[in-house]
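Notes follow once the structure below has been shown.
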Amino acid sequence: MQQPRVQRVVYPLMVGVVLVAVWQALVTGLELPPYLVPSPLLMLQTLFTDWAPLGLALWVTVKITLLAFVTATVMGVLISFVFVQSRRIETALFPYAVLLQVTPIVAVAPLIIIWVRDPLASMVICATLVALFPIISNTTLGLRSIDPDLQAYFQLNRASRWQQLVRLRIPSALPYFFGGLRISSGLALIGAVVAEFVAGTGGTGAGLAYQILQAGFQLNIPRMFAALLLISLTGVALFAAMSWLTRRALGAWHSSETS
């Protein structure tokens with residue numbers, strides 16, 4: 001229990017157990033009907049009994065999330081490399097990246113779904129737009145945040161622009177980049193769920209958002225809570241994966257992980 005890695009797992013689990021116990025006690029003590037608030041036991045029972053449709057929907061949502069996350073990461077890094085080459089380019093184009101971030105995806109998603117014939121591709125585009133800005137912002141900030149003395153040393157040794165990018169700017173930007181990954185992974189999941197809500201696709205291409213809508217129409221509140229639980233666990237798993245990747249990449253040399 002004295003090890004930080006054990007504490008990072010045990011302490012949140014203890015809080016979660018207490019919250020679930022209080023939830024179960026309130027539902028049982030107040031005799032709340034399942035169509036208002038289902039108990040945790042009923043939600044878990046529904047998760048197991050309805051796993052066939054929920055499992056397929058989970059795979060669809062995870063697939064959209066991962067595709068959008070990878071696309072946003074690649075595009076965000078490339079755009080950041082372009083921004084860092086010239087202050088004029090960054091000044092001219094960065095406001096449009098901010099505009100992309102502040103535009104509600106709910107307002108844009110119907111247009112994208114109409115313009116793009118393939119439902120999967122349209123939902124991936126919507127989720128990518130949501131997850132793109134943190135990668136651009138954090139990576140650009142990291143590429144700009146270099147030690148002036150190191151930059152002067154590289155210039156003194158007549159390092160080329162490519163050498164400065166690969167050997168100076170990219171290592172300095174890695175902590176910022178991985179911070180953007182942790183944010184973007186969750187936003188990709190949010191964008192995927194929002195796109196599924198707007199698209200409303202059913203059948204084998206239905207994600208967890210469609211299961212929530214269908215459960216709401218049928219007043220099957222336990223299934224709705226089970227789908228929400230799967231979405232939450234997926235977000236936690238994505239954040240944990242990005243945190244593990246950060247520790248693997250920075251744990252041996254950066255102060256944010258070694259201290």
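Residue numbers start at 1 in each chain; chains themselves are named A, B, ... in the order of the structure tokens; ligands are numbered from 1 in the order shown.
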message: Could you go through range 9-233 of chain A and tell me which residues DSSP, when run on the backbone, assigns to alpha helix (DSSP H), listing them as JSON, numbers by chain?
response: {"A": [9, 10, 11, 12, 13, 14, 15, 16, 17, 18, 19, 20, 21, 22, 23, 24, 25, 26, 27, 28, 29, 30, 40, 41, 42, 43, 44, 45, 46, 47, 48, 49, 51, 52, 53, 54, 55, 56, 57, 58, 59, 60, 61, 62, 63, 64, 65, 66, 67, 68, 69, 70, 71, 72, 73, 74, 75, 76, 77, 78, 79, 80, 81, 82, 83, 84, 85, 87, 88, 89, 90, 91, 92, 93, 94, 95, 96, 97, 98, 99, 100, 101, 102, 105, 106, 107, 108, 109, 110, 111, 112, 113, 114, 115, 119, 120, 121, 122, 123, 124, 125, 126, 127, 128, 129, 130, 131, 132, 133, 134, 135, 136, 137, 138, 139, 140, 141, 142, 143, 144, 148, 149, 150, 151, 152, 153, 154, 155, 156, 161, 162, 163, 164, 170, 171, 172, 173, 174, 175, 176, 177, 178, 179, 180, 181, 182, 183, 184, 185, 186, 187, 188, 189, 190, 191, 192, 193, 194, 195, 196, 197, 198, 199, 208, 209, 210, 211, 212, 213, 214, 215, 216, 217, 221, 222, 223, 224, 225, 226, 227, 228, 229, 230, 231, 232, 233]}
Near-Leu213 in chain A list (12 Å; only C-alpha atoms; drop same-chain fewer than 6 positions) as a PyMOL selection string: chain A and resi 193-194+196-202+206-207+219-221+223-225+227-228
- line: Residue with the minimum atom-to-atom distance to Gln211 in chain A, picked from A:Leu230, A:Glu90, A:Phe83, A:Pro110 with only C-alpha atoms counted, is A:Leu230
task: For Gln155 in chain A, please output as a list of chain:residue names all residues within 9 Å (counting only C-alpha atoms; exclusion window: fewer than 5 positions along the same chain).
output: A:Leu150, A:Ser160, A:Gln164
message: Env of range 62-72 of chain A: 6 Å cut, atoms = only C-alpha atoms, seq-sep filter 5 positions within chain, self excluded. Answer as a list of chain:residue names.
response: A:Val124, A:Ala127, A:Thr128, A:Leu132, A:Ala188, A:Leu189, A:Ala192
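Counting only C-alpha atoms, Trp244 in chain A has the following residues at most 12 Å away, ignoring those fewer than 6 positions along the same chain: Arg5, Phe178, Gly179, Leu181, Arg182, Ala237, Leu238, Leu250, Gly251 and Glu257 of chain A.
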task: Within 10 Å of Pro38 in chain A, counting only C-alpha atoms, which residues show up once you throw out same-chain ones fewer than 4 positions away? Write them as number ranges by chain, please.
output: A: 23-24, 27-28, 32-34, 42-44, 220-226
query: Rounded to one decimal in Å, what is the spacing between CA of Ala25 in chain A and CA of Ser39 in chain A?
result: 8.7 Å
message: Can you measure CA of Ser80 in chain A to CA of Ser185 in chain A for me? One decimal in Å is fine.
response: 17.9 Å
message: Between CA of Ser86 in chain A and CA of Ser184 in chain A, what distance in Å does the model show, to one decimal?
response: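 Taking CA of Ser86 in chain A and CA of Ser184 in chain A, their separation equals 25.1 Å.
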Counting only C-alpha atoms, the option among A:Leu245, A:Met75, A:Val17, A:Val9 closest to Leu129 in chain A: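 Under the stated criterion, the closest residue is A:Met75.
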- request: Rank nothing, just name the residue among A:Gln101, A:Ser232, A:Gln85, A:Ser172 nearest to Gly186 in chain A, using only C-alpha atoms.
  value: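 Among the listed residues, the smallest separation from Gly186 in chain A belongs to A:Ser232.
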- prompt: With distances taken over only C-alpha atoms, which of A:Pro40, A:Pro104, A:Gly55, A:Pro4 is nearest to Ala195 in chain A?
  reply: A:Pro104
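The closest residue to Leu187 in chain A, picked from A:Thr73, A:Gln218, A:Gln151, A:Thr91 and counting only C-alpha atoms, is A:Thr73.
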